[in-house]
Amino acid sequence: MQIKSVRRATATAAVLGAVLATLSACEAASSGGAKNGLPGPHTRPPKAARAPAAGPAEQPDRTVPAGDPGRVPGVGERWQAQIPDHSGQVVAVYGEDKDSADSTVVLYTRQDGEWRPVASWPAHNGRAGWTTDHYAGDGRSPVGVFTVTDAGGVLPDPGTRLSYEQGRDLYTPPHHWSPAYRHDFDYVIAIDYNRLRGTPPHDTTHPWGDGRGGGIWLHLDHGSGTSACVGLSRQAMEYLLRTLDPAREPVVVMGDRPSLLS
């Protein structure tokens, strides 16, 4: 009986450790709330979720700036220079304002030297907006250009070419979370900010130190701002997972519109 009790305790600790690893993603709110964009005790509840965007044939948002077809629209020289020369896919996250949680995501592919929009979706970024000097708990998403190499989630691999790890215990939020957030981690794509490429999204190794934040993902939208991640509809996440190709060196270019133009 004693041996069985020890085994049960060990199994319980293993599950708890897996949940804690999941909760390390998308950072803790500075107000003391739970992780992954959950509001703290003094923040407003989430707004009603936006209606899902149309499918891949949807035209990009008309407010996305146009320009030189050889450059990603709305992206200035500083950030344009950080897009790898051989990159063929860009997920551009256009934040509406430095202090806004509303954004638009546009997927571009490079064809014959030109960046062409493929699809766009409404999204949410950090609840406090954007920053070029991100720190854990500031509630802002980091501005910059980041590679994407690894994905995962509660649900099975939908057919992605990215490295994918399914893990119900690793990605299912705890039961005390609001129902609005229960499906945030059904699909996640790790943004390579302060993380080790080639590791699962839930890996908590932060090369720049824990204070600089980490665990910043593309994940399912819950209708309001996050702690630092970018929330998208399920349809958008499924499309990105099936479309992003490591052979094309995909990157995320993200920030508020004025910062991206700088």
# chains A, B, ... in the order shown; residues from 1 in each chain; ligands from 1

$ residues_around --residues "Glu77 of chain A" --least-positions-apart "3" --cutoff "8 Å" --atoms "only C-alpha atoms" --output "PyMOL selection string"
chain A and resi 80-81+261-262

$ residues_around --residues "Arg257 of chain A" --least-positions-apart "2" --cutoff "12 Å" --atoms "only C-alpha atoms" --output "PDB file with all heavy atoms, in the first residue's frame"
ATOM      1  N   THR A  63      -6.705  48.837 -44.922  1.00  0.00           N
ATOM      2  CA  THR A  63      -5.874  49.831 -44.264  1.00  0.00           C
ATOM      3  C   THR A  63      -4.399  49.443 -44.274  1.00  0.00           C
ATOM      4  O   THR A  63      -3.559  50.217 -43.876  1.00  0.00           O
ATOM      5  CB  THR A  63      -6.322  50.030 -42.806  1.00  0.00           C
ATOM      6  OG1 THR A  63      -6.169  48.800 -42.093  1.00  0.00           O
ATOM      7  CG2 THR A  63      -7.770  50.455 -42.732  1.00  0.00           C
ATOM      8  N   VAL A  64      -4.090  48.211 -44.722  1.00  0.00           N
ATOM      9  CA  VAL A  64      -2.691  47.813 -44.818  1.00  0.00           C
ATOM     10  C   VAL A  64      -2.032  48.645 -45.909  1.00  0.00           C
ATOM     11  O   VAL A  64      -2.505  48.676 -47.038  1.00  0.00           O
ATOM     12  CB  VAL A  64      -2.558  46.310 -45.132  1.00  0.00           C
ATOM     13  CG1 VAL A  64      -1.116  45.941 -45.393  1.00  0.00           C
ATOM     14  CG2 VAL A  64      -3.114  45.494 -43.982  1.00  0.00           C
ATOM     15  N   PRO A  65      -0.952  49.349 -45.602  1.00  0.00           N
ATOM     16  CA  PRO A  65      -0.346  50.255 -46.579  1.00  0.00           C
ATOM     17  C   PRO A  65       0.235  49.519 -47.778  1.00  0.00           C
ATOM     18  O   PRO A  65       0.719  48.406 -47.679  1.00  0.00           O
ATOM     19  CB  PRO A  65       0.754  50.951 -45.772  1.00  0.00           C
ATOM     20  CG  PRO A  65       1.075  49.981 -44.679  1.00  0.00           C
ATOM     21  CD  PRO A  65      -0.210  49.295 -44.345  1.00  0.00           C
ATOM     22  N   PRO A  73       4.661  45.661 -47.078  1.00  0.00           N
ATOM     23  CA  PRO A  73       3.966  46.933 -46.856  1.00  0.00           C
ATOM     24  C   PRO A  73       3.968  47.363 -45.399  1.00  0.00           C
ATOM     25  O   PRO A  73       3.831  46.537 -44.486  1.00  0.00           O
ATOM     26  CB  PRO A  73       2.533  46.634 -47.337  1.00  0.00           C
ATOM     27  CG  PRO A  73       2.682  45.522 -48.306  1.00  0.00           C
ATOM     28  CD  PRO A  73       3.806  44.678 -47.774  1.00  0.00           C
ATOM     29  N   GLY A  74       4.138  48.667 -45.183  1.00  0.00           N
ATOM     30  CA  GLY A  74       4.058  49.221 -43.842  1.00  0.00           C
ATOM     31  C   GLY A  74       5.236  48.922 -42.952  1.00  0.00           C
ATOM     32  O   GLY A  74       5.178  49.176 -41.751  1.00  0.00           O
ATOM     33  N   VAL A  75       6.321  48.381 -43.513  1.00  0.00           N
ATOM     34  CA  VAL A  75       7.505  48.029 -42.730  1.00  0.00           C
ATOM     35  C   VAL A  75       8.679  48.885 -43.179  1.00  0.00           C
ATOM     36  O   VAL A  75       9.063  48.859 -44.350  1.00  0.00           O
ATOM     37  CB  VAL A  75       7.841  46.525 -42.880  1.00  0.00           C
ATOM     38  CG1 VAL A  75       9.102  46.175 -42.101  1.00  0.00           C
ATOM     39  CG2 VAL A  75       6.668  45.674 -42.421  1.00  0.00           C
ATOM     40  N   GLY A  76       9.237  49.665 -42.261  1.00  0.00           N
ATOM     41  CA  GLY A  76      10.333  50.562 -42.580  1.00  0.00           C
ATOM     42  C   GLY A  76      11.657  49.842 -42.752  1.00  0.00           C
ATOM     43  O   GLY A  76      11.785  48.632 -42.521  1.00  0.00           O
ATOM     44  N   TRP A  79      13.292  47.457 -39.912  1.00  0.00           N
ATOM     45  CA  TRP A  79      12.768  46.101 -39.745  1.00  0.00           C
ATOM     46  C   TRP A  79      12.856  45.306 -41.034  1.00  0.00           C
ATOM     47  O   TRP A  79      13.043  44.092 -41.006  1.00  0.00           O
ATOM     48  CB  TRP A  79      11.332  46.159 -39.229  1.00  0.00           C
ATOM     49  CG  TRP A  79      11.192  46.991 -37.989  1.00  0.00           C
ATOM     50  CD1 TRP A  79      10.524  48.175 -37.860  1.00  0.00           C
ATOM     51  CD2 TRP A  79      11.762  46.720 -36.704  1.00  0.00           C
ATOM     52  NE1 TRP A  79      10.631  48.659 -36.587  1.00  0.00           N
ATOM     53  CE2 TRP A  79      11.389  47.788 -35.852  1.00  0.00           C
ATOM     54  CE3 TRP A  79      12.545  45.689 -36.186  1.00  0.00           C
ATOM     55  CZ2 TRP A  79      11.767  47.842 -34.515  1.00  0.00           C
ATOM     56  CZ3 TRP A  79      12.923  45.741 -34.858  1.00  0.00           C
ATOM     57  CH2 TRP A  79      12.544  46.804 -34.033  1.00  0.00           C
ATOM     58  N   ALA A  92       2.700  39.342 -40.901  1.00  0.00           N
ATOM     59  CA  ALA A  92       2.806  40.722 -40.426  1.00  0.00           C
ATOM     60  C   ALA A  92       1.671  41.009 -39.456  1.00  0.00           C
ATOM     61  O   ALA A  92       0.494  40.796 -39.774  1.00  0.00           O
ATOM     62  CB  ALA A  92       2.751  41.702 -41.595  1.00  0.00           C
ATOM     63  N   VAL A  93       2.027  41.488 -38.262  1.00  0.00           N
ATOM     64  CA  VAL A  93       1.041  41.861 -37.250  1.00  0.00           C
ATOM     65  C   VAL A  93       1.060  43.375 -37.143  1.00  0.00           C
ATOM     66  O   VAL A  93       2.031  43.955 -36.636  1.00  0.00           O
ATOM     67  CB  VAL A  93       1.344  41.213 -35.888  1.00  0.00           C
ATOM     68  CG1 VAL A  93       0.228  41.541 -34.887  1.00  0.00           C
ATOM     69  CG2 VAL A  93       1.520  39.705 -36.022  1.00  0.00           C
ATOM     70  N   TYR A  94       0.025  44.020 -37.652  1.00  0.00           N
ATOM     71  CA  TYR A  94      -0.064  45.471 -37.642  1.00  0.00           C
ATOM     72  C   TYR A  94      -0.911  45.926 -36.460  1.00  0.00           C
ATOM     73  O   TYR A  94      -2.144  45.840 -36.491  1.00  0.00           O
ATOM     74  CB  TYR A  94      -0.706  45.982 -38.934  1.00  0.00           C
ATOM     75  CG  TYR A  94       0.046  45.677 -40.209  1.00  0.00           C
ATOM     76  CD1 TYR A  94      -0.353  44.637 -41.035  1.00  0.00           C
ATOM     77  CD2 TYR A  94       1.146  46.443 -40.598  1.00  0.00           C
ATOM     78  CE1 TYR A  94       0.315  44.364 -42.223  1.00  0.00           C
ATOM     79  CE2 TYR A  94       1.825  46.176 -41.784  1.00  0.00           C
ATOM     80  CZ  TYR A  94       1.408  45.136 -42.587  1.00  0.00           C
ATOM     81  OH  TYR A  94       2.073  44.868 -43.765  1.00  0.00           O
ATOM     82  N   GLY A  95      -0.280  46.416 -35.407  1.00  0.00           N
ATOM     83  CA  GLY A  95      -1.014  46.951 -34.265  1.00  0.00           C
ATOM     84  C   GLY A  95      -1.608  48.302 -34.603  1.00  0.00           C
ATOM     85  O   GLY A  95      -0.979  49.121 -35.281  1.00  0.00           O
ATOM     86  N   GLU A  96      -2.806  48.541 -34.121  1.00  0.00           N
ATOM     87  CA  GLU A  96      -3.487  49.786 -34.464  1.00  0.00           C
ATOM     88  C   GLU A  96      -2.822  51.011 -33.846  1.00  0.00           C
ATOM     89  O   GLU A  96      -2.815  52.088 -34.438  1.00  0.00           O
ATOM     90  CB  GLU A  96      -4.952  49.713 -34.024  1.00  0.00           C
ATOM     91  CG  GLU A  96      -5.771  48.681 -34.774  1.00  0.00           C
ATOM     92  CD  GLU A  96      -5.709  48.874 -36.286  1.00  0.00           C
ATOM     93  OE1 GLU A  96      -5.849  50.023 -36.749  1.00  0.00           O
ATOM     94  OE2 GLU A  96      -5.495  47.877 -36.995  1.00  0.00           O
ATOM     95  N   ASP A  97      -2.244  50.833 -32.663  1.00  0.00           N
ATOM     96  CA  ASP A  97      -1.638  51.978 -31.972  1.00  0.00           C
ATOM     97  C   ASP A  97      -0.697  51.438 -30.906  1.00  0.00           C
ATOM     98  O   ASP A  97      -0.826  50.287 -30.476  1.00  0.00           O
ATOM     99  CB  ASP A  97      -2.728  52.855 -31.341  1.00  0.00           C
ATOM    100  CG  ASP A  97      -2.172  54.100 -30.670  1.00  0.00           C
ATOM    101  OD1 ASP A  97      -1.795  55.039 -31.397  1.00  0.00           O
ATOM    102  OD2 ASP A  97      -2.109  54.124 -29.421  1.00  0.00           O
ATOM    103  N   LYS A  98       0.234  52.251 -30.467  1.00  0.00           N
ATOM    104  CA  LYS A  98       1.202  51.815 -29.467  1.00  0.00           C
ATOM    105  C   LYS A  98       0.539  51.299 -28.208  1.00  0.00           C
ATOM    106  O   LYS A  98       1.052  50.381 -27.550  1.00  0.00           O
ATOM    107  CB  LYS A  98       2.141  52.974 -29.119  1.00  0.00           C
ATOM    108  CG  LYS A  98       3.192  52.611 -28.072  1.00  0.00           C
ATOM    109  CD  LYS A  98       4.085  53.792 -27.743  1.00  0.00           C
ATOM    110  CE  LYS A  98       5.088  53.414 -26.659  1.00  0.00           C
ATOM    111  NZ  LYS A  98       5.947  54.570 -26.284  1.00  0.00           N
ATOM    112  N   ASP A  99      -0.593  51.889 -27.825  1.00  0.00           N
ATOM    113  CA  ASP A  99      -1.259  51.509 -26.585  1.00  0.00           C
ATOM    114  C   ASP A  99      -2.541  50.714 -26.813  1.00  0.00           C
ATOM    115  O   ASP A  99      -3.361  50.570 -25.901  1.00  0.00           O
ATOM    116  CB  ASP A  99      -1.575  52.758 -25.753  1.00  0.00           C
ATOM    117  CG  ASP A  99      -0.325  53.541 -25.385  1.00  0.00           C
ATOM    118  OD1 ASP A  99       0.680  52.897 -25.043  1.00  0.00           O
ATOM    119  OD2 ASP A  99      -0.358  54.785 -25.442  1.00  0.00           O
ATOM    120  N   SER A 100      -2.717  50.186 -28.013  1.00  0.00           N
ATOM    121  CA  SER A 100      -3.935  49.456 -28.353  1.00  0.00           C
ATOM    122  C   SER A 100      -3.696  47.954 -28.360  1.00  0.00           C
ATOM    123  O   SER A 100      -2.602  47.480 -28.690  1.00  0.00           O
ATOM    124  CB  SER A 100      -4.437  49.893 -29.737  1.00  0.00           C
ATOM    125  OG  SER A 100      -5.507  49.067 -30.174  1.00  0.00           O
ATOM    126  N   ASP A 102      -5.685  46.041 -30.260  1.00  0.00           N
ATOM    127  CA  ASP A 102      -6.280  45.606 -31.519  1.00  0.00           C
ATOM    128  C   ASP A 102      -5.242  45.600 -32.636  1.00  0.00           C
ATOM    129  O   ASP A 102      -4.434  46.527 -32.755  1.00  0.00           O
ATOM    130  CB  ASP A 102      -7.434  46.526 -31.918  1.00  0.00           C
ATOM    131  CG  ASP A 102      -8.587  46.464 -30.917  1.00  0.00           C
ATOM    132  OD1 ASP A 102      -8.838  45.368 -30.399  1.00  0.00           O
ATOM    133  OD2 ASP A 102      -9.199  47.515 -30.664  1.00  0.00           O
ATOM    134  N   SER A 103      -5.286  44.575 -33.460  1.00  0.00           N
ATOM    135  CA  SER A 103      -4.326  44.481 -34.560  1.00  0.00           C
ATOM    136  C   SER A 103      -4.932  43.706 -35.724  1.00  0.00           C
ATOM    137  O   SER A 103      -6.011  43.111 -35.606  1.00  0.00           O
ATOM    138  CB  SER A 103      -3.021  43.821 -34.094  1.00  0.00           C
ATOM    139  OG  SER A 103      -3.282  42.586 -33.463  1.00  0.00           O
ATOM    140  N   THR A 104      -4.212  43.735 -36.840  1.00  0.00           N
ATOM    141  CA  THR A 104      -4.582  42.978 -38.034  1.00  0.00           C
ATOM    142  C   THR A 104      -3.383  42.140 -38.442  1.00  0.00           C
ATOM    143  O   THR A 104      -2.259  42.641 -38.478  1.00  0.00           O
ATOM    144  CB  THR A 104      -4.956  43.919 -39.198  1.00  0.00           C
ATOM    145  OG1 THR A 104      -6.094  44.709 -38.818  1.00  0.00           O
ATOM    146  CG2 THR A 104      -5.293  43.127 -40.447  1.00  0.00           C
ATOM    147  N   VAL A 105      -3.618  40.874 -38.724  1.00  0.00           N
ATOM    148  CA  VAL A 105      -2.556  39.973 -39.160  1.00  0.00           C
ATOM    149  C   VAL A 105      -2.722  39.707 -40.649  1.00  0.00           C
ATOM    150  O   VAL A 105      -3.818  39.375 -41.114  1.00  0.00           O
ATOM    151  CB  VAL A 105      -2.592  38.643 -38.380  1.00  0.00           C
ATOM    152  CG1 VAL A 105      -1.619  37.635 -38.986  1.00  0.00           C
ATOM    153  CG2 VAL A 105      -2.254  38.881 -36.913  1.00  0.00           C
ATOM    154  N   GLY A 129      -0.569  47.176 -25.329  1.00  0.00           N
ATOM    155  CA  GLY A 129      -0.044  47.656 -26.600  1.00  0.00           C
ATOM    156  C   GLY A 129       1.286  47.028 -26.971  1.00  0.00           C
ATOM    157  O   GLY A 129       1.461  45.817 -26.885  1.00  0.00           O
ATOM    158  N   TRP A 130       2.253  47.884 -27.336  1.00  0.00           N
ATOM    159  CA  TRP A 130       3.518  47.439 -27.926  1.00  0.00           C
ATOM    160  C   TRP A 130       4.711  48.124 -27.292  1.00  0.00           C
ATOM    161  O   TRP A 130       4.582  49.217 -26.741  1.00  0.00           O
ATOM    162  CB  TRP A 130       3.526  47.731 -29.428  1.00  0.00           C
ATOM    163  CG  TRP A 130       2.475  47.009 -30.196  1.00  0.00           C
ATOM    164  CD1 TRP A 130       1.204  47.435 -30.455  1.00  0.00           C
ATOM    165  CD2 TRP A 130       2.596  45.721 -30.798  1.00  0.00           C
ATOM    166  NE1 TRP A 130       0.528  46.485 -31.177  1.00  0.00           N
ATOM    167  CE2 TRP A 130       1.355  45.431 -31.404  1.00  0.00           C
ATOM    168  CE3 TRP A 130       3.628  44.785 -30.887  1.00  0.00           C
ATOM    169  CZ2 TRP A 130       1.128  44.236 -32.099  1.00  0.00           C
ATOM    170  CZ3 TRP A 130       3.406  43.600 -31.574  1.00  0.00           C
ATOM    171  CH2 TRP A 130       2.165  43.341 -32.168  1.00  0.00           C
ATOM    172  N   THR A 131       5.876  47.494 -27.417  1.00  0.00           N
ATOM    173  CA  THR A 131       7.106  48.103 -26.922  1.00  0.00           C
ATOM    174  C   THR A 131       8.307  47.544 -27.677  1.00  0.00           C
ATOM    175  O   THR A 131       8.283  46.391 -28.122  1.00  0.00           O
ATOM    176  CB  THR A 131       7.299  47.835 -25.413  1.00  0.00           C
ATOM    177  OG1 THR A 131       8.519  48.441 -24.962  1.00  0.00           O
ATOM    178  CG2 THR A 131       7.364  46.345 -25.115  1.00  0.00           C
ATOM    179  N   VAL A 143       7.970  44.600 -30.271  1.00  0.00           N
ATOM    180  CA  VAL A 143       8.081  44.986 -31.676  1.00  0.00           C
ATOM    181  C   VAL A 143       9.334  44.335 -32.241  1.00  0.00           C
ATOM    182  O   VAL A 143      10.394  44.336 -31.598  1.00  0.00           O
ATOM    183  CB  VAL A 143       8.181  46.520 -31.815  1.00  0.00           C
ATOM    184  CG1 VAL A 143       8.339  46.919 -33.280  1.00  0.00           C
ATOM    185  CG2 VAL A 143       6.958  47.200 -31.194  1.00  0.00           C
ATOM    186  N   GLY A 144       9.237  43.776 -33.435  1.00  0.00           N
ATOM    187  CA  GLY A 144      10.438  43.205 -34.033  1.00  0.00           C
ATOM    188  C   GLY A 144      10.154  42.189 -35.112  1.00  0.00           C
ATOM    189  O   GLY A 144       9.006  41.994 -35.536  1.00  0.00           O
ATOM    190  N   VAL A 253       6.680  39.575 -38.433  1.00  0.00           N
ATOM    191  CA  VAL A 253       7.038  41.000 -38.308  1.00  0.00           C
ATOM    192  C   VAL A 253       5.897  41.645 -37.560  1.00  0.00           C
ATOM    193  O   VAL A 253       4.766  41.689 -38.049  1.00  0.00           O
ATOM    194  CB  VAL A 253       7.235  41.650 -39.687  1.00  0.00           C
ATOM    195  CG1 VAL A 253       7.609  43.124 -39.531  1.00  0.00           C
ATOM    196  CG2 VAL A 253       8.297  40.909 -40.497  1.00  0.00           C
ATOM    197  N   MET A 254       6.155  42.145 -36.365  1.00  0.00           N
ATOM    198  CA  MET A 254       5.054  42.586 -35.507  1.00  0.00           C
ATOM    199  C   MET A 254       5.350  43.911 -34.801  1.00  0.00           C
ATOM    200  O   MET A 254       6.501  44.199 -34.472  1.00  0.00           O
ATOM    201  CB  MET A 254       4.737  41.504 -34.469  1.00  0.00           C
ATOM    202  CG  MET A 254       5.913  41.058 -33.608  1.00  0.00           C
ATOM    203  SD  MET A 254       5.575  39.535 -32.670  1.00  0.00           S
ATOM    204  CE  MET A 254       4.495  40.143 -31.378  1.00  0.00           C
ATOM    205  N   GLY A 255       4.305  44.698 -34.631  1.00  0.00           N
ATOM    206  CA  GLY A 255       4.439  45.974 -33.947  1.00  0.00           C
ATOM    207  C   GLY A 255       3.295  46.895 -34.282  1.00  0.00           C
ATOM    208  O   GLY A 255       2.481  46.620 -35.173  1.00  0.00           O
ATOM    209  N   SER A 259       5.616  52.261 -35.184  1.00  0.00           N
ATOM    210  CA  SER A 259       6.897  51.655 -34.866  1.00  0.00           C
ATOM    211  C   SER A 259       7.428  50.827 -36.042  1.00  0.00           C
ATOM    212  O   SER A 259       8.634  50.814 -36.323  1.00  0.00           O
ATOM    213  CB  SER A 259       6.802  50.777 -33.612  1.00  0.00           C
ATOM    214  OG  SER A 259       6.543  51.570 -32.465  1.00  0.00           O
ATOM    215  N   LEU A 260       6.534  50.103 -36.721  1.00  0.00           N
ATOM    216  CA  LEU A 260       6.971  49.300 -37.857  1.00  0.00           C
ATOM    217  C   LEU A 260       7.513  50.154 -38.987  1.00  0.00           C
ATOM    218  O   LEU A 260       8.362  49.708 -39.762  1.00  0.00           O
ATOM    219  CB  LEU A 260       5.809  48.426 -38.372  1.00  0.00           C
ATOM    220  CG  LEU A 260       5.420  47.229 -37.513  1.00  0.00           C
ATOM    221  CD1 LEU A 260       4.249  46.489 -38.140  1.00  0.00           C
ATOM    222  CD2 LEU A 260       6.607  46.277 -37.332  1.00  0.00           C
ATOM    223  N   LEU A 261       7.010  51.363 -39.097  1.00  0.00           N
ATOM    224  CA  LEU A 261       7.498  52.252 -40.164  1.00  0.00           C
ATOM    225  C   LEU A 261       8.808  52.929 -39.805  1.00  0.00           C
ATOM    226  O   LEU A 261       9.448  53.524 -40.671  1.00  0.00           O
ATOM    227  CB  LEU A 261       6.443  53.322 -40.464  1.00  0.00           C
ATOM    228  CG  LEU A 261       5.275  52.885 -41.358  1.00  0.00           C
ATOM    229  CD1 LEU A 261       4.205  53.968 -41.419  1.00  0.00           C
ATOM    230  CD2 LEU A 261       5.774  52.538 -42.754  1.00  0.00           C
ATOM    231  N   SER A 262       9.218  52.859 -38.565  1.00  0.00           N
ATOM    232  CA  SER A 262      10.434  53.574 -38.116  1.00  0.00           C
ATOM    233  C   SER A 262      11.686  52.935 -38.686  1.00  0.00           C
ATOM    234  O   SER A 262      11.705  51.776 -39.081  1.00  0.00           O
ATOM    235  CB  SER A 262      10.502  53.564 -36.591  1.00  0.00           C
ATOM    236  OG  SER A 262      10.665  52.241 -36.096  1.00  0.00           O
TER     237      SER A 262
END

$ select_by_dssp --residues "segment 88-209 of chain A" --states "strand (DSSP E or B)" --output "ChimeraX atom specification"
/A:89-95,102-111,114-124,126,129-131,140-142,144-147,150-153,163-166,188-190

$ residues_around --residues "Leu232 of chain A" --least-positions-apart "3" --cutoff "6 Å" --atoms "only C-alpha atoms" --output "list of chain:residue names"
A:Ala123, A:Leu220, A:Asp221

$ atom_distance --atom1 "atom CA of Met237 of chain A" --atom2 "atom CA of Arg195 of chain A"
20.7 Å

$ residues_around --residues "His183 of chain A" --least-positions-apart "6" --cutoff "10 Å" --atoms "only C-alpha atoms" --output "ChimeraX atom specification"
/A:153-155,171-173,219-222,234

$ atom_distance --atom1 "atom CA of Asp203 of chain A" --atom2 "atom CA of Phe146 of chain A"
17.0 Å

$ residues_around --residues "segment 185-189 of chain A" --least-positions-apart "3" --cutoff "10 Å" --atoms "only C-alpha atoms" --output "MDAnalysis selection string"
chainID A and resid 22 25 36 148:158 162:168 170:173 181:182 192 200:202 216:221 230:232 234 237:238 240:241
